[in-house]
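Enquirer: As input, take query_31.tsv (TSV, C-alpha atoms):
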```
chain	number	residue	atom	x	y	z
A	348	MET	CA	28.18	-35.86	11.65
A	349	SER	CA	29.12	-36.32	8.00
A	350	GLU	CA	29.51	-33.70	5.28
A	351	ASN	CA	26.72	-35.28	3.31
A	352	GLU	CA	24.44	-35.02	6.34
A	353	LYS	CA	24.95	-31.25	6.50
A	354	LEU	CA	24.47	-30.80	2.77
A	355	GLU	CA	21.39	-33.00	2.65
A	356	CYS	CA	20.02	-31.09	5.62
A	357	LEU	CA	20.49	-27.76	3.82
A	358	LYS	CA	18.89	-29.15	0.66
A	359	SER	CA	15.89	-30.39	2.65
A	360	LEU	CA	15.63	-27.04	4.37
A	361	GLN	CA	15.71	-25.32	1.01
A	362	ASP	CA	12.74	-27.35	-0.23
A	363	VAL	CA	10.71	-26.42	2.85
A	364	LEU	CA	11.80	-22.78	2.78
A	365	GLN	CA	10.76	-22.46	-0.86
A	366	LYS	CA	7.22	-23.52	0.09
A	367	LYS	CA	7.29	-21.13	3.05
A	368	PHE	CA	8.43	-18.20	0.88
A	369	GLU	CA	5.65	-18.92	-1.62
A	370	LEU	CA	3.08	-18.76	1.17
A	371	GLU	CA	4.59	-15.56	2.59
A	372	SER	CA	4.44	-14.02	-0.88
A	373	LYS	CA	0.80	-15.03	-1.10
A	374	VAL	CA	0.18	-13.34	2.26
A	375	GLU	CA	1.70	-10.12	0.90
A	376	ASN	CA	-0.27	-10.23	-2.33
A	377	LEU	CA	-3.57	-11.45	-0.90
A	378	PRO	CA	-4.57	-8.13	0.73
A	379	ALA	CA	-4.05	-6.30	-2.58
A	380	ASN	CA	-7.80	-6.32	-3.32
A	381	LEU	CA	-8.55	-5.32	0.25
A	382	ARG	CA	-6.12	-2.40	0.04
A	383	ALA	CA	-7.73	-1.31	-3.22
A	384	GLU	CA	-11.21	-1.43	-1.66
A	385	GLU	CA	-9.95	0.36	1.45
A	386	ALA	CA	-8.49	3.07	-0.78
A	387	LYS	CA	-11.91	3.48	-2.41
A	388	LEU	CA	-13.52	3.73	1.02
A	389	LYS	CA	-10.95	6.30	2.08
A	390	ASP	CA	-11.67	8.37	-1.02
A	391	ALA	CA	-15.41	8.06	-0.44
A	392	ASN	CA	-15.07	9.16	3.19
A	393	SER	CA	-12.81	12.01	2.13
A	394	THR	CA	-15.41	13.19	-0.39
A	395	TYR	CA	-18.11	12.95	2.29
A	396	LEU	CA	-15.98	14.95	4.71
A	397	LYS	CA	-15.33	17.67	2.12
A	398	LEU	CA	-19.06	17.85	1.33
A	399	THR	CA	-19.80	18.10	5.06
A	400	GLU	CA	-17.31	20.91	5.45
A	401	ARG	CA	-18.78	22.66	2.44
A	402	TYR	CA	-22.30	22.18	3.79
A	403	ASN	CA	-21.33	23.67	7.15
A	404	ALA	CA	-19.61	26.63	5.48
A	405	VAL	CA	-22.59	27.37	3.23
A	406	ASN	CA	-24.97	26.91	6.15
A	407	GLU	CA	-23.03	29.54	8.09
A	408	GLU	CA	-23.31	31.85	5.09
A	409	VAL	CA	-27.09	31.27	4.99
A	410	LYS	CA	-27.35	32.13	8.69
A	411	SER	CA	-25.26	35.28	8.23
A	412	LEU	CA	-27.29	36.37	5.20
A	413	SER	CA	-30.53	35.66	7.07
A	414	PHE	CA	-29.47	37.88	9.97
A	415	ARG	CA	-28.34	40.62	7.60
A	416	TYR	CA	-31.58	40.31	5.61
A	417	GLU	CA	-33.65	40.64	8.76
A	418	ASP	CA	-31.68	43.73	9.69
A	419	ALA	CA	-32.21	45.16	6.17
A	420	PHE	CA	-35.93	44.34	6.42
A	421	THR	CA	-36.19	46.08	9.78
A	422	THR	CA	-34.26	49.08	8.44
A	423	ARG	CA	-36.47	49.35	5.36
A	424	THR	CA	-39.76	49.09	7.27
A	425	GLY	CA	-38.41	51.62	9.74
A	426	TYR	CA	-37.78	54.10	6.96
A	427	GLU	CA	-41.26	53.49	5.56
A	428	LYS	CA	-42.81	54.32	8.92
A	429	GLN	CA	-40.73	57.48	9.13
A	430	MET	CA	-42.23	58.65	5.83
A	431	GLU	CA	-45.48	59.33	7.69
A	432	PHE	CA	-43.81	61.98	9.80
A	433	ILE	CA	-41.93	63.88	7.07
A	434	ASN	CA	-42.42	67.68	7.26
A	435	THR	CA	-40.07	69.13	4.64
A	436	GLN	CA	-39.09	68.36	1.07
A	437	ARG	CA	-35.48	68.08	2.08
A	438	GLU	CA	-36.29	65.45	4.71
A	439	TYR	CA	-38.45	63.63	2.18
A	440	GLU	CA	-35.65	63.49	-0.40
A	441	ALA	CA	-33.07	62.32	2.14
A	442	LEU	CA	-35.33	59.63	3.59
A	443	THR	CA	-36.42	58.53	0.12
A	444	LYS	CA	-32.77	57.96	-0.80
A	445	GLN	CA	-32.17	55.97	2.40
A	446	LEU	CA	-35.29	53.93	1.74
A	447	GLU	CA	-34.22	53.08	-1.81
A	448	GLU	CA	-30.79	52.01	-0.58
A	449	ALA	CA	-32.41	49.90	2.15
A	450	LYS	CA	-34.73	48.23	-0.40
A	451	LEU	CA	-31.79	47.47	-2.70
A	452	SER	CA	-29.77	46.04	0.16
A	453	GLU	CA	-32.75	43.96	1.31
A	454	GLN	CA	-33.39	42.58	-2.19
A	455	THR	CA	-29.71	41.81	-2.74
A	456	LEU	CA	-29.42	40.00	0.58
A	457	LEU	CA	-32.67	38.10	-0.06
A	458	LYS	CA	-31.43	36.98	-3.46
A	459	SER	CA	-28.05	35.92	-2.04
A	460	ARG	CA	-29.72	34.06	0.83
A	461	ASN	CA	-32.05	32.20	-1.52
A	462	GLN	CA	-29.12	31.25	-3.78
A	463	LYS	CA	-27.19	29.92	-0.81
A	464	ARG	CA	-30.23	28.02	0.42
A	465	ALA	CA	-30.55	26.41	-3.02
A	466	GLU	CA	-26.86	25.54	-2.90
A	467	LEU	CA	-27.34	24.12	0.59
A	468	ASP	CA	-30.20	21.91	-0.62
A	469	LYS	CA	-28.05	20.66	-3.49
A	470	ILE	CA	-25.15	19.82	-1.17
A	471	ASN	CA	-27.57	18.05	1.15
A	472	VAL	CA	-28.70	15.81	-1.72
A	473	GLU	CA	-25.05	15.12	-2.60
A	474	LEU	CA	-24.33	14.30	1.05
A	475	ASP	CA	-27.16	11.75	1.18
A	476	ALA	CA	-25.91	10.13	-2.01
A	477	GLN	CA	-22.29	10.11	-0.80
A	478	GLU	CA	-23.29	8.69	2.57
A	479	LYS	CA	-24.93	5.78	0.75
A	480	ILE	CA	-21.76	5.26	-1.31
A	481	CYS	CA	-19.67	5.21	1.89
A	482	GLU	CA	-21.97	2.67	3.54
A	483	GLU	CA	-21.92	0.40	0.48
A	484	GLN	CA	-18.13	0.62	0.17
A	485	LYS	CA	-17.72	-0.06	3.88
A	486	ALA	CA	-19.76	-3.24	3.43
A	487	VAL	CA	-17.51	-4.29	0.53
A	488	VAL	CA	-14.39	-3.73	2.67
A	489	GLU	CA	-15.82	-5.70	5.60
A	490	ALA	CA	-16.74	-8.61	3.33
A	491	GLU	CA	-13.25	-8.58	1.81
A	492	ARG	CA	-11.68	-8.52	5.26
A	493	GLN	CA	-13.70	-11.50	6.42
A	494	GLN	CA	-12.83	-13.46	3.31
A	495	ILE	CA	-9.12	-12.67	3.59
A	496	SER	CA	-9.13	-13.37	7.31
A	497	GLY	CA	-10.30	-16.93	6.71
A	498	VAL	CA	-7.73	-17.55	3.98
A	499	LEU	CA	-4.92	-15.95	5.99
A	500	ASP	CA	-5.68	-18.15	8.99
A	501	GLU	CA	-5.16	-21.22	6.82
A	502	ILE	CA	-1.94	-19.85	5.28
A	503	TYR	CA	-0.49	-18.85	8.65
A	504	ALA	CA	-1.24	-22.34	9.96
A	505	GLU	CA	0.69	-23.80	7.01
A	506	ILE	CA	3.59	-21.41	7.61
A	507	ASP	CA	3.72	-22.42	11.29
A	508	SER	CA	3.79	-26.05	10.24
A	509	LEU	CA	6.67	-25.38	7.84
A	510	ASN	CA	8.57	-23.45	10.52
A	511	ASN	CA	8.26	-26.45	12.83
A	512	LYS	CA	9.42	-28.72	10.03
A	513	CYS	CA	12.49	-26.51	9.49
A	514	ILE	CA	13.34	-26.73	13.19
A	515	GLU	CA	12.95	-30.49	13.03
A	516	ILE	CA	15.17	-30.81	9.93
A	517	LYS	CA	17.97	-28.57	11.16
A	518	GLY	CA	18.08	-30.24	14.57
A	519	ASN	CA	21.65	-30.14	15.86
A	520	VAL	CA	23.12	-30.41	12.36
A	521	ILE	CA	22.62	-26.77	11.39
A	522	SER	CA	23.43	-24.01	13.89
A	523	ASP	CA	20.96	-21.20	14.51
A	524	GLU	CA	23.45	-18.74	13.01
A	525	LEU	CA	23.86	-20.77	9.81
A	526	TYR	CA	20.11	-21.36	9.59
A	527	SER	CA	19.42	-17.63	9.85
A	528	LYS	CA	22.05	-16.81	7.23
A	529	PHE	CA	20.89	-19.58	4.92
A	530	THR	CA	17.26	-18.42	5.24
A	531	ASN	CA	18.21	-14.85	4.33
A	532	ILE	CA	20.27	-15.98	1.34
A	533	SER	CA	17.48	-18.25	0.12
A	534	LYS	CA	14.88	-15.50	0.42
A	535	LYS	CA	17.01	-13.02	-1.52
A	536	LYS	CA	17.87	-15.59	-4.20
A	537	ASP	CA	14.36	-16.73	-5.15
A	538	GLY	CA	14.42	-19.72	-2.83
A	539	LEU	CA	17.82	-21.05	-3.95
A	540	GLY	CA	20.27	-20.70	-1.08
A	541	ILE	CA	22.36	-23.75	-1.86
A	542	VAL	CA	23.32	-24.85	-5.38
A	543	PRO	CA	25.77	-27.33	-6.87
A	544	VAL	CA	28.93	-26.50	-8.73
A	545	HIS	CA	29.19	-28.30	-12.05
A	546	GLY	CA	32.73	-28.33	-13.27
A	547	GLN	CA	33.81	-24.76	-12.57
A	548	VAL	CA	30.36	-23.24	-12.84
A	549	CYS	CA	28.04	-22.03	-10.07
A	550	THR	CA	24.61	-23.25	-11.22
A	551	GLY	CA	22.97	-20.46	-9.25
A	552	CYS	CA	24.41	-17.55	-11.22
A	553	ASP	CA	26.14	-19.41	-14.11
A	554	MET	CA	29.43	-17.71	-13.35
A	555	VAL	CA	32.68	-19.57	-14.05
A	556	LEU	CA	34.59	-20.02	-10.82
A	557	PRO	CA	38.41	-19.95	-10.56
A	558	MET	CA	39.90	-23.42	-10.71
A	559	GLN	CA	41.67	-22.94	-7.38
A	560	PHE	CA	38.36	-21.96	-5.76
A	561	VAL	CA	36.77	-25.22	-6.96
A	562	ILE	CA	39.76	-27.24	-5.71
A	563	ASP	CA	39.52	-25.56	-2.31
A	564	LEU	CA	35.76	-26.15	-2.25
A	565	ARG	CA	36.25	-29.88	-2.81
A	566	LEU	CA	38.85	-30.00	-0.03
A	567	LYS	CA	36.48	-28.17	2.31
A	568	GLN	CA	33.72	-30.66	1.57
A	569	GLU	CA	36.04	-33.47	2.56
A	570	LYS	CA	36.57	-31.68	5.87
A	571	ASN	CA	32.84	-31.22	6.50
A	572	ASP	CA	32.88	-27.58	5.43
A	573	PHE	CA	31.55	-25.56	2.52
A	574	ASP	CA	31.97	-22.18	0.86
A	575	TYR	CA	29.93	-19.36	-0.64
A	576	CYS	CA	29.83	-18.28	-4.26
A	577	PRO	CA	31.96	-15.11	-4.61
A	578	TYR	CA	29.47	-13.81	-7.19
A	579	CYS	CA	25.97	-14.63	-5.87
A	580	SER	CA	26.73	-15.50	-2.19
A	581	ARG	CA	24.87	-18.84	-2.35
A	582	ILE	CA	26.18	-21.85	-0.45
A	583	LEU	CA	28.03	-24.11	-2.86
A	584	TRP	CA	28.66	-27.83	-2.97
A	585	PHE	CA	30.58	-29.68	-5.62
A	586	GLU	CA	28.49	-32.21	-7.50
A	587	LYS	CA	30.53	-34.82	-9.30
A	588	LEU	CA	29.31	-35.43	-12.82
A	589	ASP	CA	30.23	-37.91	-15.51
A	590	PRO	CA	33.75	-36.81	-16.62
A	591	GLU	CA	32.69	-36.23	-20.22
A	592	VAL	CA	29.57	-34.30	-19.19
A	593	GLU	CA	31.62	-32.23	-16.77
A	594	LYS	CA	34.23	-31.52	-19.41
A	595	ASN	CA	31.61	-30.39	-21.92
A	596	PHE	CA	29.85	-28.31	-19.31
A	597	ILE	CA	33.03	-26.41	-18.44
A	598	PHE	CA	33.91	-25.92	-22.11
A	599	GLU	CA	30.45	-24.55	-22.99
A	600	GLN	CA	30.44	-22.15	-20.06
A	601	LEU	CA	33.94	-20.89	-20.79
A	602	GLU	CA	33.09	-20.39	-24.46
A	603	SER	CA	29.93	-18.53	-23.43
A	604	THR	CA	31.99	-16.30	-21.15
A	605	LYS	CA	34.44	-15.55	-23.96
A	606	ALA	CA	31.56	-14.68	-26.28
A	607	ASP	CA	30.38	-12.05	-23.80
A	608	PHE	CA	33.66	-10.27	-24.21
```
Let's see the structure in the file written out as C-alpha cells.
Expert:
Amino acid sequence: MSENEKLECLKSLQDVLQKKFELESKVENLPANLRAEEAKLKDANSTYLKLTERYNAVNEEVKSLSFRYEDAFTTRTGYEKQMEFINTQREYEALTKQLEEAKLSEQTLLKSRNQKRAELDKINVELDAQEKICEEQKAVVEAERQQISGVLDEIYAEIDSLNNKCIEIKGNVISDELYSKFTNISKKKDGLGIVPVHGQVCTGCDMVLPMQFVIDLRLKQEKNDFDYCPYCSRILWFEKLDPEVEKNFIFEQLESTKADF
C-alpha cells in the first residue's frame, strides 16, 4: 500500500461523502412543508377540541338551567294554586310575596337558559365549520406525506448506493476507525475532511502552519502517514506546487496574517 493510495482513497471518499451529505441535508429540509402543514392541522384540531370542551360545558349549563327552570315553574304554579285557598290577608300578603319571587326566579332562569341555548347553537355552528377545516387540513397533510414519501424513497435509495460506494472505495486501505473519524470531520467541515497544505497554509481554514509542522507532515507522508490540522482538525496532505507559486502563496498568507494584527 502506498501513501498516494491512501490519500487518493480519502479524496475519492470525500467526493462521495459530499454527495451523501447533500442528500441527507435534503432529507432534513424536505419535510419542512409537511411539518408546517402538520402544525396547522395540530392547531386546527386543538381549536376543535377547545370548541368541543366549550360546547360540553355550555350544554351542561343549559341542562342545569333547564332543571332549575322546571323547578321554578313548578314552584310558581304551586303558589298560584295555593292562592285559591287563602283565608286571611296576612296569608295572602305572604303568599303573594313568595309568588312574585318565584316568578322573578322563573323569568331569570328562563332568560339565562335561552341565552345559553343561543350560545350553544353558535358554538355548534363553529364546531361544524372547524370540523370541515380539520378535514381539509388533514387531506393536505396526507397529500404532502404521500408526495414526500415518494421523493424520500428515491433519496434513500441514492444514499444507500453512496454508502455501498464508500465501502467499496475504502476497501482494506482505510480502516473502519479512520473512515468513521474522517466521515465525522467531513460532515462538521462542510464536506471537506481532507485538504492540501500549500506552502505553510492549510487550505481548509487558511491558517499559517508552523514550519516544523509542515516539515514533519512531509516526512509522515513519506512514511505512509498523515496529520491533522491543529486549527480545523481536517486531515492534511502536502501538495507540492511550483516553487515560485508556493513562495508567493506563503508570502501572501503571512502578510495577511500580519495585517490582522
Enquirer: Tell me which of A:Leu509, A:Cys549, A:Leu457, A:Ala486 sits closest to Lys367 of chain A, counting all atoms listed in the file.
Expert: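 Counting all atoms listed in the file, the residue closest to Lys367 of chain A is A:Leu509.
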Enquirer: Rounded to one decimal place, report the atom CA of Asp390 of chain A-atom CA of Arg464 of chain A distance in Å.
Expert: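 It comes out at 27.1 Å.
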Enquirer: In Å, rounded to a single decimal, give me how far atom CA of Tyr395 of chain A is from atom CA of Ile470 of chain A.
Expert: 10.4 Å
Enquirer: Which polymer residues, whether protein, DNA or RNA, lie within 12 Å of the coordinate (-31.1, 33.3, 9.4) when you count only C-alpha atoms? List them as a list in words, using the chain letters and numbers from the file.
Expert: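 Those residues, ordered by chain and then number, are Asn406, Glu407, Glu408, Val409, Lys410, Ser411, Leu412, Ser413, Phe414, Arg415, Tyr416, Glu417, Asp418, Leu456, Leu457, Arg460, Asn461, Lys463 and Arg464 of chain A.
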Enquirer: Please list as a PyMOL selection string every residue within 7 Å of His545 of chain A, counting all atoms listed in the file and excluding residues in the same chain fewer than 3 positions away.
Expert: chain A and resi 548-550+585-586+593
Enquirer: Record the distance separating atom CA of Lys373 of chain A and atom CA of Val498 of chain A, expressed in Å with one decimal.
Expert: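 Going from atom CA of Lys373 of chain A over to atom CA of Val498 of chain A covers 10.2 Å.
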Enquirer: Mind working out the centre and edge lengths of an axis-aligned box for segment 486-500 of chain A, all listed atoms inside, 4 Å added to each side, rounded to one decimal in Å and written as JSON?
Expert:
```
{"center_x": -12.3, "center_y": -10.7, "center_z": 4.8, "size_x": 22.8, "size_y": 22.9, "size_z": 16.5}
```
Enquirer: Show me, as number ranges by chain, the residues that have an atom within 9 Å of Lys485 of chain A when counting all atoms listed in the file, minus same-chain residues fewer than 3 positions from it.
Expert: A: 384-385, 388, 480-482, 488-490
Enquirer: If you keep C-alpha atoms, can you produce a file of those selected residues as a PDB file, in the frame of the given file?
Expert:
```pdb
ATOM      1  CA  GLU A 384     -11.210  -1.430  -1.660  1.00  0.00           C
ATOM      2  CA  GLU A 385      -9.950   0.360   1.450  1.00  0.00           C
ATOM      3  CA  LEU A 388     -13.520   3.730   1.020  1.00  0.00           C
ATOM      4  CA  ILE A 480     -21.760   5.260  -1.310  1.00  0.00           C
ATOM      5  CA  CYS A 481     -19.670   5.210   1.890  1.00  0.00           C
ATOM      6  CA  GLU A 482     -21.970   2.670   3.540  1.00  0.00           C
ATOM      7  CA  VAL A 488     -14.390  -3.730   2.670  1.00  0.00           C
ATOM      8  CA  GLU A 489     -15.820  -5.700   5.600  1.00  0.00           C
ATOM      9  CA  ALA A 490     -16.740  -8.610   3.330  1.00  0.00           C
TER      10      ALA A 490
END
```
Enquirer: Considering all atoms listed in the file, return as a PDB file with C-alpha atoms, in the frame of the given file whatever protein or nucleic-acid residues lie within 10 Å of segment 523-525 of chain A, sequence-local ones (same chain, fewer than 6 positions apart) excluded.
Expert:
```pdb
ATOM      1  CA  LEU A 357      20.490 -27.760   3.820  1.00  0.00           C
ATOM      2  CA  ILE A 514      13.340 -26.730  13.190  1.00  0.00           C
ATOM      3  CA  LYS A 517      17.970 -28.570  11.160  1.00  0.00           C
ATOM      4  CA  ASN A 531      18.210 -14.850   4.330  1.00  0.00           C
TER       5      ASN A 531
END
```
Enquirer: Between A:Met430, A:Ala419, A:Ile495, A:Ala404, which residue has the minimum interatomic distance to Ser452 of chain A, considering all atoms listed in the file?
Expert: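 Result for the nearest residue to Ser452 of chain A: A:Ala419.
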Enquirer: Which one of A:Val561, A:Asn510, A:Leu588, A:Glu438 sits closest to Asp574 of chain A if you count all atoms listed in the file?
Expert: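 Looking at the shortest contact to Asp574 of chain A, the residue is A:Val561.
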Enquirer: Nearest residue to Asp537 of chain A out of A:Leu442, A:Cys552, A:Leu474, A:Val374, using all atoms listed in the file?
Expert: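 The shortest atom-to-atom distance to Asp537 of chain A comes from A:Cys552.
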Enquirer: Using all atoms listed in the file, pick whichever of A:Pro543, A:Gly551, A:Pro557, A:Pro590 has the shortest atom-to-atom distance to Glu355 of chain A.
Expert: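 Going through A:Pro543, A:Gly551, A:Pro557, A:Pro590 one by one, the smallest distance to Glu355 of chain A is for A:Pro543.
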Enquirer: Within 10 Å of Leu364 of chain A, counting only C-alpha atoms, which residues qualify if same-chain residues fewer than 5 places away don't, as a ChimeraX atom specification?
Expert: /A:358-359,369-370,506,509-510,512-513,529-530,533-534,538-540
Enquirer: Given all atoms listed in the file as the basis, pick out the residue of A:Ser580, A:Gln547, A:Gln484, A:Gln494 nearest to Ala383 of chain A.
Expert: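 Of A:Ser580, A:Gln547, A:Gln484, A:Gln494, the one nearest Ala383 of chain A is A:Gln484, counting all atoms listed in the file.
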Enquirer: Complete segment 514-538 of chain A at the level of N, CA, C and O atoms, written as a PDB file, in the coordinates of the input.
Expert:
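Written output follows (selection.pdb):
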```pdb
ATOM      1  N   ILE A 514      12.666 -26.500  11.903  1.00  0.00           N
ATOM      2  CA  ILE A 514      13.340 -26.730  13.190  1.00  0.00           C
ATOM      3  C   ILE A 514      13.680 -28.205  13.356  1.00  0.00           C
ATOM      4  O   ILE A 514      14.756 -28.575  13.829  1.00  0.00           O
ATOM      5  N   GLU A 515      12.742 -29.037  12.931  1.00  0.00           N
ATOM      6  CA  GLU A 515      12.950 -30.490  13.030  1.00  0.00           C
ATOM      7  C   GLU A 515      14.091 -30.939  12.109  1.00  0.00           C
ATOM      8  O   GLU A 515      14.927 -31.763  12.492  1.00  0.00           O
ATOM      9  N   ILE A 516      14.142 -30.406  10.897  1.00  0.00           N
ATOM     10  CA  ILE A 516      15.170 -30.810   9.930  1.00  0.00           C
ATOM     11  C   ILE A 516      16.558 -30.356  10.384  1.00  0.00           C
ATOM     12  O   ILE A 516      17.517 -31.120  10.327  1.00  0.00           O
ATOM     13  N   LYS A 517      16.653 -29.099  10.812  1.00  0.00           N
ATOM     14  CA  LYS A 517      17.970 -28.570  11.160  1.00  0.00           C
ATOM     15  C   LYS A 517      18.534 -29.228  12.412  1.00  0.00           C
ATOM     16  O   LYS A 517      19.731 -29.485  12.515  1.00  0.00           O
ATOM     17  N   GLY A 518      17.647 -29.548  13.374  1.00  0.00           N
ATOM     18  CA  GLY A 518      18.080 -30.240  14.570  1.00  0.00           C
ATOM     19  C   GLY A 518      19.368 -29.673  15.136  1.00  0.00           C
ATOM     20  O   GLY A 518      19.511 -28.460  15.324  1.00  0.00           O
ATOM     21  N   ASN A 519      20.331 -30.551  15.375  1.00  0.00           N
ATOM     22  CA  ASN A 519      21.650 -30.140  15.860  1.00  0.00           C
ATOM     23  C   ASN A 519      22.672 -30.086  14.738  1.00  0.00           C
ATOM     24  O   ASN A 519      23.842 -29.788  14.967  1.00  0.00           O
ATOM     25  N   VAL A 520      22.209 -30.366  13.507  1.00  0.00           N
ATOM     26  CA  VAL A 520      23.120 -30.410  12.360  1.00  0.00           C
ATOM     27  C   VAL A 520      23.469 -28.992  11.900  1.00  0.00           C
ATOM     28  O   VAL A 520      24.611 -28.679  11.577  1.00  0.00           O
ATOM     29  N   ILE A 521      22.444 -28.138  11.861  1.00  0.00           N
ATOM     30  CA  ILE A 521      22.620 -26.770  11.390  1.00  0.00           C
ATOM     31  C   ILE A 521      22.476 -25.809  12.576  1.00  0.00           C
ATOM     32  O   ILE A 521      21.466 -25.835  13.277  1.00  0.00           O
ATOM     33  N   SER A 522      23.480 -24.974  12.784  1.00  0.00           N
ATOM     34  CA  SER A 522      23.430 -24.010  13.890  1.00  0.00           C
ATOM     35  C   SER A 522      22.380 -22.945  13.601  1.00  0.00           C
ATOM     36  O   SER A 522      22.000 -22.717  12.453  1.00  0.00           O
ATOM     37  N   ASP A 523      21.938 -22.282  14.665  1.00  0.00           N
ATOM     38  CA  ASP A 523      20.960 -21.200  14.510  1.00  0.00           C
ATOM     39  C   ASP A 523      21.520 -20.088  13.630  1.00  0.00           C
ATOM     40  O   ASP A 523      20.799 -19.496  12.824  1.00  0.00           O
ATOM     41  N   GLU A 524      22.809 -19.802  13.794  1.00  0.00           N
ATOM     42  CA  GLU A 524      23.450 -18.740  13.010  1.00  0.00           C
ATOM     43  C   GLU A 524      23.458 -19.089  11.524  1.00  0.00           C
ATOM     44  O   GLU A 524      23.124 -18.261  10.669  1.00  0.00           O
ATOM     45  N   LEU A 525      23.840 -20.333  11.207  1.00  0.00           N
ATOM     46  CA  LEU A 525      23.860 -20.770   9.810  1.00  0.00           C
ATOM     47  C   LEU A 525      22.456 -20.822   9.237  1.00  0.00           C
ATOM     48  O   LEU A 525      22.229 -20.422   8.084  1.00  0.00           O
ATOM     49  N   TYR A 526      21.508 -21.283  10.049  1.00  0.00           N
ATOM     50  CA  TYR A 526      20.110 -21.360   9.590  1.00  0.00           C
ATOM     51  C   TYR A 526      19.577 -19.977   9.236  1.00  0.00           C
ATOM     52  O   TYR A 526      18.924 -19.801   8.199  1.00  0.00           O
ATOM     53  N   SER A 527      19.875 -19.001  10.102  1.00  0.00           N
ATOM     54  CA  SER A 527      19.420 -17.630   9.850  1.00  0.00           C
ATOM     55  C   SER A 527      20.055 -17.072   8.580  1.00  0.00           C
ATOM     56  O   SER A 527      19.380 -16.458   7.749  1.00  0.00           O
ATOM     57  N   LYS A 528      21.341 -17.309   8.414  1.00  0.00           N
ATOM     58  CA  LYS A 528      22.050 -16.810   7.230  1.00  0.00           C
ATOM     59  C   LYS A 528      21.536 -17.499   5.972  1.00  0.00           C
ATOM     60  O   LYS A 528      21.309 -16.849   4.938  1.00  0.00           O
ATOM     61  N   PHE A 529      21.362 -18.802   6.065  1.00  0.00           N
ATOM     62  CA  PHE A 529      20.890 -19.580   4.920  1.00  0.00           C
ATOM     63  C   PHE A 529      19.475 -19.142   4.516  1.00  0.00           C
ATOM     64  O   PHE A 529      19.163 -19.021   3.329  1.00  0.00           O
ATOM     65  N   THR A 530      18.631 -18.870   5.518  1.00  0.00           N
ATOM     66  CA  THR A 530      17.260 -18.420   5.240  1.00  0.00           C
ATOM     67  C   THR A 530      17.268 -17.078   4.515  1.00  0.00           C
ATOM     68  O   THR A 530      16.535 -16.882   3.546  1.00  0.00           O
ATOM     69  N   ASN A 531      18.117 -16.161   4.966  1.00  0.00           N
ATOM     70  CA  ASN A 531      18.210 -14.850   4.330  1.00  0.00           C
ATOM     71  C   ASN A 531      18.708 -14.950   2.888  1.00  0.00           C
ATOM     72  O   ASN A 531      18.194 -14.284   1.989  1.00  0.00           O
ATOM     73  N   ILE A 532      19.729 -15.791   2.691  1.00  0.00           N
ATOM     74  CA  ILE A 532      20.270 -15.980   1.340  1.00  0.00           C
ATOM     75  C   ILE A 532      19.188 -16.558   0.430  1.00  0.00           C
ATOM     76  O   ILE A 532      18.968 -16.078  -0.694  1.00  0.00           O
ATOM     77  N   SER A 533      18.509 -17.585   0.910  1.00  0.00           N
ATOM     78  CA  SER A 533      17.480 -18.250   0.120  1.00  0.00           C
ATOM     79  C   SER A 533      16.357 -17.285  -0.263  1.00  0.00           C
ATOM     80  O   SER A 533      15.868 -17.297  -1.400  1.00  0.00           O
ATOM     81  N   LYS A 534      15.970 -16.443   0.685  1.00  0.00           N
ATOM     82  CA  LYS A 534      14.880 -15.500   0.420  1.00  0.00           C
ATOM     83  C   LYS A 534      15.291 -14.479  -0.633  1.00  0.00           C
ATOM     84  O   LYS A 534      14.488 -14.104  -1.493  1.00  0.00           O
ATOM     85  N   LYS A 535      16.537 -14.026  -0.561  1.00  0.00           N
ATOM     86  CA  LYS A 535      17.010 -13.020  -1.520  1.00  0.00           C
ATOM     87  C   LYS A 535      17.275 -13.625  -2.901  1.00  0.00           C
ATOM     88  O   LYS A 535      17.283 -12.903  -3.898  1.00  0.00           O
ATOM     89  N   LYS A 536      17.513 -14.929  -2.942  1.00  0.00           N
ATOM     90  CA  LYS A 536      17.870 -15.590  -4.200  1.00  0.00           C
ATOM     91  C   LYS A 536      16.753 -16.482  -4.726  1.00  0.00           C
ATOM     92  O   LYS A 536      16.996 -17.566  -5.262  1.00  0.00           O
ATOM     93  N   ASP A 537      15.524 -16.022  -4.594  1.00  0.00           N
ATOM     94  CA  ASP A 537      14.360 -16.730  -5.150  1.00  0.00           C
ATOM     95  C   ASP A 537      14.254 -18.171  -4.677  1.00  0.00           C
ATOM     96  O   ASP A 537      13.901 -19.072  -5.454  1.00  0.00           O
ATOM     97  N   GLY A 538      14.577 -18.391  -3.410  1.00  0.00           N
ATOM     98  CA  GLY A 538      14.420 -19.720  -2.830  1.00  0.00           C
ATOM     99  C   GLY A 538      15.602 -20.654  -3.010  1.00  0.00           C
ATOM    100  O   GLY A 538      15.590 -21.778  -2.509  1.00  0.00           O
TER     101      GLY A 538
END
```
